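File shown here: coords25.pdb, holding PDB, C-alpha atoms.
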```pdb
ATOM      1  CA  MET A 410     -27.093  22.662  -5.152  1.00  0.00           C
ATOM      2  CA  ARG A 411     -27.014  25.213  -7.955  1.00  0.00           C
ATOM      3  CA  LEU A 412     -27.602  28.861  -7.040  1.00  0.00           C
ATOM      4  CA  SER A 413     -28.157  31.755  -9.454  1.00  0.00           C
ATOM      5  CA  GLU A 414     -29.010  35.292  -8.422  1.00  0.00           C
ATOM      6  CA  ASN A 415     -29.265  38.502 -10.435  1.00  0.00           C
ATOM      7  CA  LEU A 416     -28.970  41.758  -8.534  1.00  0.00           C
ATOM      8  CA  ASN A 417     -29.572  45.350  -9.594  1.00  0.00           C
ATOM      9  CA  LEU A 418     -27.440  48.058  -7.999  1.00  0.00           C
ATOM     10  CA  PRO A 419     -28.420  51.750  -8.209  1.00  0.00           C
ATOM     11  CA  MET A 420     -25.008  52.966  -9.412  1.00  0.00           C
ATOM     12  CA  PRO A 421     -22.568  52.433 -12.284  1.00  0.00           C
ATOM     13  CA  PRO A 422     -19.999  49.607 -12.021  1.00  0.00           C
ATOM     14  CA  GLU A 423     -17.125  51.885 -10.963  1.00  0.00           C
ATOM     15  CA  ALA A 424     -19.170  53.178  -8.030  1.00  0.00           C
ATOM     16  CA  ALA A 425     -20.339  49.649  -7.180  1.00  0.00           C
ATOM     17  CA  ALA A 426     -16.723  48.450  -6.994  1.00  0.00           C
ATOM     18  CA  ALA A 427     -15.829  51.357  -4.707  1.00  0.00           C
ATOM     19  CA  MET A 428     -18.882  50.576  -2.574  1.00  0.00           C
ATOM     20  CA  TYR A 429     -17.869  46.927  -2.154  1.00  0.00           C
ATOM     21  CA  ALA A 430     -14.462  48.094  -0.875  1.00  0.00           C
ATOM     22  CA  ASP A 431     -15.904  50.638   1.583  1.00  0.00           C
ATOM     23  CA  PRO A 432     -16.175  49.491   5.240  1.00  0.00           C
ATOM     24  CA  ALA A 433     -19.272  51.698   5.574  1.00  0.00           C
ATOM     25  CA  TYR A 434     -21.033  49.451   3.050  1.00  0.00           C
ATOM     26  CA  THR A 435     -20.159  46.389   5.140  1.00  0.00           C
ATOM     27  CA  ARG A 436     -21.736  48.043   8.186  1.00  0.00           C
ATOM     28  CA  ILE A 437     -24.869  48.926   6.192  1.00  0.00           C
ATOM     29  CA  ARG A 438     -25.078  45.372   4.851  1.00  0.00           C
ATOM     30  CA  GLY A 439     -24.702  44.048   8.390  1.00  0.00           C
ATOM     31  CA  ARG A 440     -27.567  46.265   9.521  1.00  0.00           C
ATOM     32  CA  THR A 441     -29.720  45.101   6.572  1.00  0.00           C
ATOM     33  CA  LEU A 442     -29.107  41.476   7.612  1.00  0.00           C
ATOM     34  CA  HIS A 443     -29.605  42.219  11.329  1.00  0.00           C
ATOM     35  CA  ALA A 444     -26.094  40.880  11.850  1.00  0.00           C
ATOM     36  CA  GLU A 445     -24.623  40.627  15.309  1.00  0.00           C
ATOM     37  CA  SER A 446     -21.347  41.741  13.710  1.00  0.00           C
ATOM     38  CA  ALA A 447     -20.098  42.691  10.236  1.00  0.00           C
ATOM     39  CA  THR A 448     -16.505  43.571   9.360  1.00  0.00           C
ATOM     40  CA  SER A 449     -14.412  43.535   6.197  1.00  0.00           C
ATOM     41  CA  GLU A 450     -10.867  43.868   4.929  1.00  0.00           C
ATOM     42  CA  VAL A 451      -9.794  44.896   1.429  1.00  0.00           C
ATOM     43  CA  GLU A 452      -6.700  43.909  -0.509  1.00  0.00           C
ATOM     44  CA  GLY A 453      -5.952  45.918  -3.618  1.00  0.00           C
ATOM     45  CA  ASP A 454      -7.677  48.972  -5.005  1.00  0.00           C
ATOM     46  CA  PRO A 455     -11.215  48.996  -6.441  1.00  0.00           C
ATOM     47  CA  ALA A 456      -9.878  50.943  -9.425  1.00  0.00           C
ATOM     48  CA  GLY A 457      -8.125  47.680 -10.383  1.00  0.00           C
ATOM     49  CA  ALA A 458      -8.213  44.114  -9.099  1.00  0.00           C
ATOM     50  CA  PHE A 459      -9.237  43.771  -5.455  1.00  0.00           C
ATOM     51  CA  THR A 460     -10.499  41.290  -2.883  1.00  0.00           C
ATOM     52  CA  VAL A 461     -12.985  41.937  -0.091  1.00  0.00           C
ATOM     53  CA  THR A 462     -13.087  39.522   2.848  1.00  0.00           C
ATOM     54  CA  THR A 463     -16.220  39.953   4.946  1.00  0.00           C
ATOM     55  CA  HIS A 464     -17.009  38.398   8.315  1.00  0.00           C
ATOM     56  CA  LEU A 465     -20.693  38.222   9.253  1.00  0.00           C
ATOM     57  CA  GLU A 466     -22.301  36.804  12.358  1.00  0.00           C
ATOM     58  CA  LEU A 467     -26.021  36.229  11.885  1.00  0.00           C
ATOM     59  CA  ALA A 468     -28.718  34.952  14.207  1.00  0.00           C
ATOM     60  CA  THR A 469     -30.218  31.660  13.046  1.00  0.00           C
ATOM     61  CA  GLU A 470     -33.799  32.609  13.895  1.00  0.00           C
ATOM     62  CA  GLY A 471     -36.075  31.609  11.078  1.00  0.00           C
ATOM     63  CA  ILE A 472     -33.860  28.954   9.538  1.00  0.00           C
ATOM     64  CA  PRO A 473     -35.095  25.370   9.556  1.00  0.00           C
ATOM     65  CA  ASP A 474     -34.289  23.254  12.625  1.00  0.00           C
ATOM     66  CA  ILE A 475     -32.243  20.818  10.530  1.00  0.00           C
ATOM     67  CA  ALA A 476     -29.778  23.629   9.766  1.00  0.00           C
ATOM     68  CA  ARG A 477     -29.912  25.305  13.178  1.00  0.00           C
ATOM     69  CA  SER A 478     -29.022  22.031  14.892  1.00  0.00           C
ATOM     70  CA  LEU A 479     -25.612  22.181  13.192  1.00  0.00           C
ATOM     71  CA  VAL A 480     -24.736  25.811  13.935  1.00  0.00           C
ATOM     72  CA  GLY A 481     -26.592  26.902  17.076  1.00  0.00           C
ATOM     73  CA  ARG A 482     -28.091  30.317  17.804  1.00  0.00           C
ATOM     74  CA  SER A 483     -25.830  32.181  15.421  1.00  0.00           C
ATOM     75  CA  VAL A 484     -23.757  31.440  12.366  1.00  0.00           C
ATOM     76  CA  LYS A 485     -20.442  32.961  11.324  1.00  0.00           C
ATOM     77  CA  ILE A 486     -20.040  33.445   7.602  1.00  0.00           C
ATOM     78  CA  LEU A 487     -16.776  34.187   5.875  1.00  0.00           C
ATOM     79  CA  GLU A 488     -17.331  35.712   2.427  1.00  0.00           C
ATOM     80  CA  VAL A 489     -14.484  36.371  -0.006  1.00  0.00           C
ATOM     81  CA  GLN A 490     -15.218  38.306  -3.195  1.00  0.00           C
ATOM     82  CA  SER A 491     -12.260  38.592  -5.577  1.00  0.00           C
ATOM     83  CA  TRP A 492     -12.733  40.996  -8.474  1.00  0.00           C
ATOM     84  CA  GLN A 493     -10.585  41.323 -11.587  1.00  0.00           C
ATOM     85  CA  ALA A 494      -9.623  44.739 -12.940  1.00  0.00           C
ATOM     86  CA  PRO A 495     -12.394  46.399 -14.962  1.00  0.00           C
ATOM     87  CA  ALA A 496     -12.831  45.855 -18.674  1.00  0.00           C
ATOM     88  CA  GLY A 497     -14.730  48.107 -21.077  1.00  0.00           C
ATOM     89  CA  GLY A 498     -17.545  50.102 -19.490  1.00  0.00           C
ATOM     90  CA  GLY A 499     -16.383  49.081 -16.027  1.00  0.00           C
ATOM     91  CA  ALA A 500     -17.552  45.462 -16.389  1.00  0.00           C
ATOM     92  CA  ARG A 501     -15.747  42.977 -14.127  1.00  0.00           C
ATOM     93  CA  GLN A 502     -15.515  39.274 -13.524  1.00  0.00           C
ATOM     94  CA  GLY A 503     -14.916  37.763 -10.132  1.00  0.00           C
ATOM     95  CA  THR A 504     -15.328  34.873  -7.769  1.00  0.00           C
ATOM     96  CA  ILE A 505     -17.199  34.430  -4.514  1.00  0.00           C
ATOM     97  CA  GLU A 506     -16.638  31.979  -1.705  1.00  0.00           C
ATOM     98  CA  LEU A 507     -18.956  31.726   1.290  1.00  0.00           C
ATOM     99  CA  THR A 508     -17.953  29.497   4.154  1.00  0.00           C
ATOM    100  CA  VAL A 509     -20.200  28.759   7.103  1.00  0.00           C
ATOM    101  CA  GLN A 510     -17.656  28.539   9.891  1.00  0.00           C
ATOM    102  CA  GLY A 511     -18.109  25.562  12.176  1.00  0.00           C
ATOM    103  CA  ALA A 512     -20.401  23.784   9.716  1.00  0.00           C
ATOM    104  CA  PRO A 513     -19.673  21.697   6.627  1.00  0.00           C
ATOM    105  CA  ALA A 514     -21.423  24.151   4.302  1.00  0.00           C
ATOM    106  CA  SER A 515     -20.013  26.457   1.658  1.00  0.00           C
ATOM    107  CA  MET A 516     -20.691  28.179  -1.629  1.00  0.00           C
ATOM    108  CA  ARG A 517     -18.321  28.862  -4.507  1.00  0.00           C
ATOM    109  CA  GLY A 518     -19.271  30.769  -7.574  1.00  0.00           C
ATOM    110  CA  HIS A 519     -18.649  33.226 -10.362  1.00  0.00           C
ATOM    111  CA  LEU A 520     -19.494  36.936 -10.219  1.00  0.00           C
ATOM    112  CA  GLU A 521     -20.143  39.332 -13.055  1.00  0.00           C
ATOM    113  CA  LEU A 522     -20.602  43.083 -12.595  1.00  0.00           C
ATOM    114  CA  ARG A 523     -21.734  44.935 -15.707  1.00  0.00           C
ATOM    115  CA  PRO A 524     -23.328  48.235 -16.718  1.00  0.00           C
ATOM    116  CA  ALA A 525     -27.123  48.362 -16.907  1.00  0.00           C
ATOM    117  CA  GLY A 526     -27.964  51.829 -18.174  1.00  0.00           C
ATOM    118  CA  GLU A 527     -26.882  54.225 -15.429  1.00  0.00           C
ATOM    119  CA  ASN A 528     -26.913  51.364 -12.924  1.00  0.00           C
ATOM    120  CA  SER A 529     -25.197  47.994 -12.535  1.00  0.00           C
ATOM    121  CA  ALA A 530     -26.261  44.387 -12.766  1.00  0.00           C
ATOM    122  CA  VAL A 531     -24.543  41.652 -10.762  1.00  0.00           C
ATOM    123  CA  SER A 532     -24.873  37.983 -11.648  1.00  0.00           C
ATOM    124  CA  ILE A 533     -23.951  35.314  -9.125  1.00  0.00           C
ATOM    125  CA  ASP A 534     -23.726  31.715 -10.325  1.00  0.00           C
ATOM    126  CA  GLY A 535     -22.429  29.043  -8.010  1.00  0.00           C
ATOM    127  CA  ASP A 536     -22.880  25.863  -6.073  1.00  0.00           C
ATOM    128  CA  PHE A 537     -23.932  25.633  -2.436  1.00  0.00           C
ATOM    129  CA  THR A 538     -22.892  22.398  -0.739  1.00  0.00           C
ATOM    130  CA  ALA A 539     -23.451  20.876   2.659  1.00  0.00           C
ATOM    131  CA  LYS A 540     -21.284  17.850   3.297  1.00  0.00           C
ATOM    132  CA  VAL A 541     -23.249  15.996   5.927  1.00  0.00           C
ATOM    133  CA  PRO A 542     -23.693  12.241   5.438  1.00  0.00           C
ATOM    134  CA  LEU A 543     -27.327  11.325   4.701  1.00  0.00           C
ATOM    135  CA  LEU A 544     -28.531  14.896   5.364  1.00  0.00           C
ATOM    136  CA  GLY A 545     -26.513  16.944   2.856  1.00  0.00           C
ATOM    137  CA  GLY A 546     -29.240  17.306   0.234  1.00  0.00           C
ATOM    138  CA  ARG A 547     -31.945  18.124   2.787  1.00  0.00           C
ATOM    139  CA  LEU A 548     -29.653  20.582   4.517  1.00  0.00           C
ATOM    140  CA  GLU A 549     -28.802  22.301   1.217  1.00  0.00           C
ATOM    141  CA  LYS A 550     -32.502  22.734   0.400  1.00  0.00           C
ATOM    142  CA  ALA A 551     -33.221  24.050   3.892  1.00  0.00           C
ATOM    143  CA  ALA A 552     -30.294  26.494   3.952  1.00  0.00           C
ATOM    144  CA  LEU A 553     -30.520  27.776   0.364  1.00  0.00           C
ATOM    145  CA  PRO A 554     -33.128  30.486   1.145  1.00  0.00           C
ATOM    146  CA  TYR A 555     -30.867  31.745   3.952  1.00  0.00           C
ATOM    147  CA  VAL A 556     -27.859  31.948   1.586  1.00  0.00           C
ATOM    148  CA  THR A 557     -30.034  33.738  -0.975  1.00  0.00           C
ATOM    149  CA  LYS A 558     -31.090  36.230   1.704  1.00  0.00           C
ATOM    150  CA  VAL A 559     -27.444  37.041   2.444  1.00  0.00           C
ATOM    151  CA  LEU A 560     -26.707  37.598  -1.256  1.00  0.00           C
ATOM    152  CA  ARG A 561     -29.860  39.593  -2.010  1.00  0.00           C
ATOM    153  CA  ALA A 562     -29.161  41.938   0.911  1.00  0.00           C
ATOM    154  CA  GLU A 563     -26.700  43.612  -1.454  1.00  0.00           C
ATOM    155  CA  GLU A 564     -29.531  45.333  -3.343  1.00  0.00           C
ATOM    156  CA  ARG A 565     -31.129  46.863  -0.238  1.00  0.00           C
ATOM    157  CA  SER A 566     -27.746  47.742   1.224  1.00  0.00           C
ATOM    158  CA  ALA A 567     -26.596  49.393  -2.011  1.00  0.00           C
ATOM    159  CA  GLU A 568     -29.733  51.532  -2.064  1.00  0.00           C
ATOM    160  CA  ASP A 569     -29.074  52.641   1.530  1.00  0.00           C
ATOM    161  CA  TYR A 570     -25.408  53.271   0.722  1.00  0.00           C
ATOM    162  CA  ARG A 571     -26.276  55.390  -2.316  1.00  0.00           C
ATOM    163  CA  SER A 572     -28.820  57.415  -0.352  1.00  0.00           C
ATOM    164  CA  GLY A 573     -26.193  58.120   2.309  1.00  0.00           C
ATOM    165  CA  ALA A 574     -27.797  56.116   5.117  1.00  0.00           C
ATOM    166  CA  SER A 575     -25.476  56.226   8.089  1.00  0.00           C
ATOM    167  CA  ALA A 576     -23.509  53.132   8.828  1.00  0.00           C
TER     168      ALA A 576
END
```
Can you turn what I pasted into structure tokens?
Amino acid sequence: MRLSENLNLPMPPEAAAAMYADPAYTRIRGRTLHAESATSEVEGDPAGAFTVTTHLELATEGIPDIARSLVGRSVKILEVQSWQAPAGGGARQGTIELTVQGAPASMRGHLELRPAGENSAVSIDGDFTAKVPLLGGRLEKAALPYVTKVLRAEERSAEDYRSGASA
């Protein structure tokens, strides 16, 4: 199922890249999502090409029963964002992969980080799939709002990060 999100971050692209690579941002994002746990590792340097691997464990309260029956009371999400080195104005291209561990569901997509005045805009375009015979399409529709919630948490988390909210 196709997924497109556009996010606005309250900082220029260079600062957004540094934020993505900061473990404090991962903790803030975990708090925004009410995660049971949130950790990340970074390969590379946000001044150039880098990859952030994030592990989130989220309660499944509020998701439809059809999805909860596959994952239980919590879901572990592995997110890998790989960013290319910046181009003019700090703009970057990247990829995102979300894997729901223990369930046949994942998302793969393209990322774009670009200047938007003094701030940044992030575009996420990808495909969310659930490979469950006979239920895949229904499961995708049921889980899509949950995946969107995880992605959109970046805006709220970035605002908290910029304002210096403690992680």
Please enumerate the residues selected by the PyMOL selection byres ((chain A and resi 487) around 8) when evaluated against the supplied file, formatted as a tab-separated table (two decimals) with C-alpha atoms, in the coordinates of the input.
```tsv
chain	number	residue	atom	x	y	z
A	462	THR	CA	-13.09	39.52	2.85
A	463	THR	CA	-16.22	39.95	4.95
A	464	HIS	CA	-17.01	38.40	8.32
A	465	LEU	CA	-20.69	38.22	9.25
A	485	LYS	CA	-20.44	32.96	11.32
A	486	ILE	CA	-20.04	33.44	7.60
A	488	GLU	CA	-17.33	35.71	2.43
A	489	VAL	CA	-14.48	36.37	-0.01
A	506	GLU	CA	-16.64	31.98	-1.70
A	507	LEU	CA	-18.96	31.73	1.29
A	508	THR	CA	-17.95	29.50	4.15
A	509	VAL	CA	-20.20	28.76	7.10
A	510	GLN	CA	-17.66	28.54	9.89
```
Handout entry: Length of the CA of Arg571 in chain A to CA of Ser413 in chain A vector [Å]
Key =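 It comes out at 24.8 Å.
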Practice task
Quick one: everything within 12 Å of range 447-449 of chain A, counting only C-alpha atoms, minus sequence neighbours fewer than 2 positions away in the same chain. Send it as an MDAnalysis selection string.
Solution key: chainID A and resid 429:445 451:452 460:467 485:490 576
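You will find CA of Glu564 in chain A at 20.5 Å from CA of Glu450 in chain A.
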Problem - Residue among A:Ala500, A:Val531, A:Ala567, A:Val559 lying closest to His519 in chain A, counting all atoms listed in the file - result: A:Val531
Practice task
Tell me which of A:Ala562, A:Gly457, A:Thr557, A:Gly498 sits closest to Asn528 in chain A, counting only C-alpha atoms.
Solution key: A:Gly498
Practice task
Taking the file above as input, evaluate the PyMOL selection byres ((chain A and resi 513) around 6) and report the hits as a PyMOL selection string.
Solution key: chain A and resi 512+514+539-540
Problem - Straight-line distance linking CA of Gly573 in chain A with CA of Pro455 in chain A, stated in Å to one decimal - result: 19.6 Å
Handout entry: For Gln493 in chain A: contacts at 12 Å, all atoms listed in the file, fewer than 5 positions along chain excluded, given as a ChimeraX atom specification
Key = /A:426,453-461,499-505,519-522
Residues as selected, C-alpha atoms, written as a short mmCIF file (atom, residue, chain, number, x, y, z; two decimals), keeping the file's coordinate frame, can you do that?
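Writing done, so here's part.cif:
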```cif
data_model
loop_
_atom_site.label_atom_id
_atom_site.label_comp_id
_atom_site.auth_asym_id
_atom_site.auth_seq_id
_atom_site.Cartn_x
_atom_site.Cartn_y
_atom_site.Cartn_z
CA ALA A 426 -16.72 48.45 -6.99
CA GLY A 453 -5.95 45.92 -3.62
CA ASP A 454 -7.68 48.97 -5.00
CA PRO A 455 -11.22 49.00 -6.44
CA ALA A 456 -9.88 50.94 -9.43
CA GLY A 457 -8.12 47.68 -10.38
CA ALA A 458 -8.21 44.11 -9.10
CA PHE A 459 -9.24 43.77 -5.46
CA THR A 460 -10.50 41.29 -2.88
CA VAL A 461 -12.98 41.94 -0.09
CA GLY A 499 -16.38 49.08 -16.03
CA ALA A 500 -17.55 45.46 -16.39
CA ARG A 501 -15.75 42.98 -14.13
CA GLN A 502 -15.52 39.27 -13.52
CA GLY A 503 -14.92 37.76 -10.13
CA THR A 504 -15.33 34.87 -7.77
CA ILE A 505 -17.20 34.43 -4.51
CA HIS A 519 -18.65 33.23 -10.36
CA LEU A 520 -19.49 36.94 -10.22
CA GLU A 521 -20.14 39.33 -13.06
CA LEU A 522 -20.60 43.08 -12.60
#
```
Problem - Nearest residue to Asp536 in chain A from the set A:Leu418, A:Met410, A:Glu563, A:Ala427 (distances using all atoms listed in the file) - result: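 Comparing A:Leu418, A:Met410, A:Glu563, A:Ala427 against Asp536 in chain A, the winner is A:Met410.
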Handout entry: Pick from A:Ala425, A:Leu412, A:Ala494, A:Ala468, whichever lies nearest to Tyr570 in chain A using all atoms listed in the file
Key = A:Ala425
Padding of 3 Å on every side, edges along x, y and z, all listed atoms of range 433-436 of chain A included: what centre and edge lengths in Å, to one decimal, does that box have, as AutoDock Vina command-line options?
```
--center_x -20.5 --center_y 49.0 --center_z 5.6 --size_x 8.5 --size_y 11.3 --size_z 11.1
```
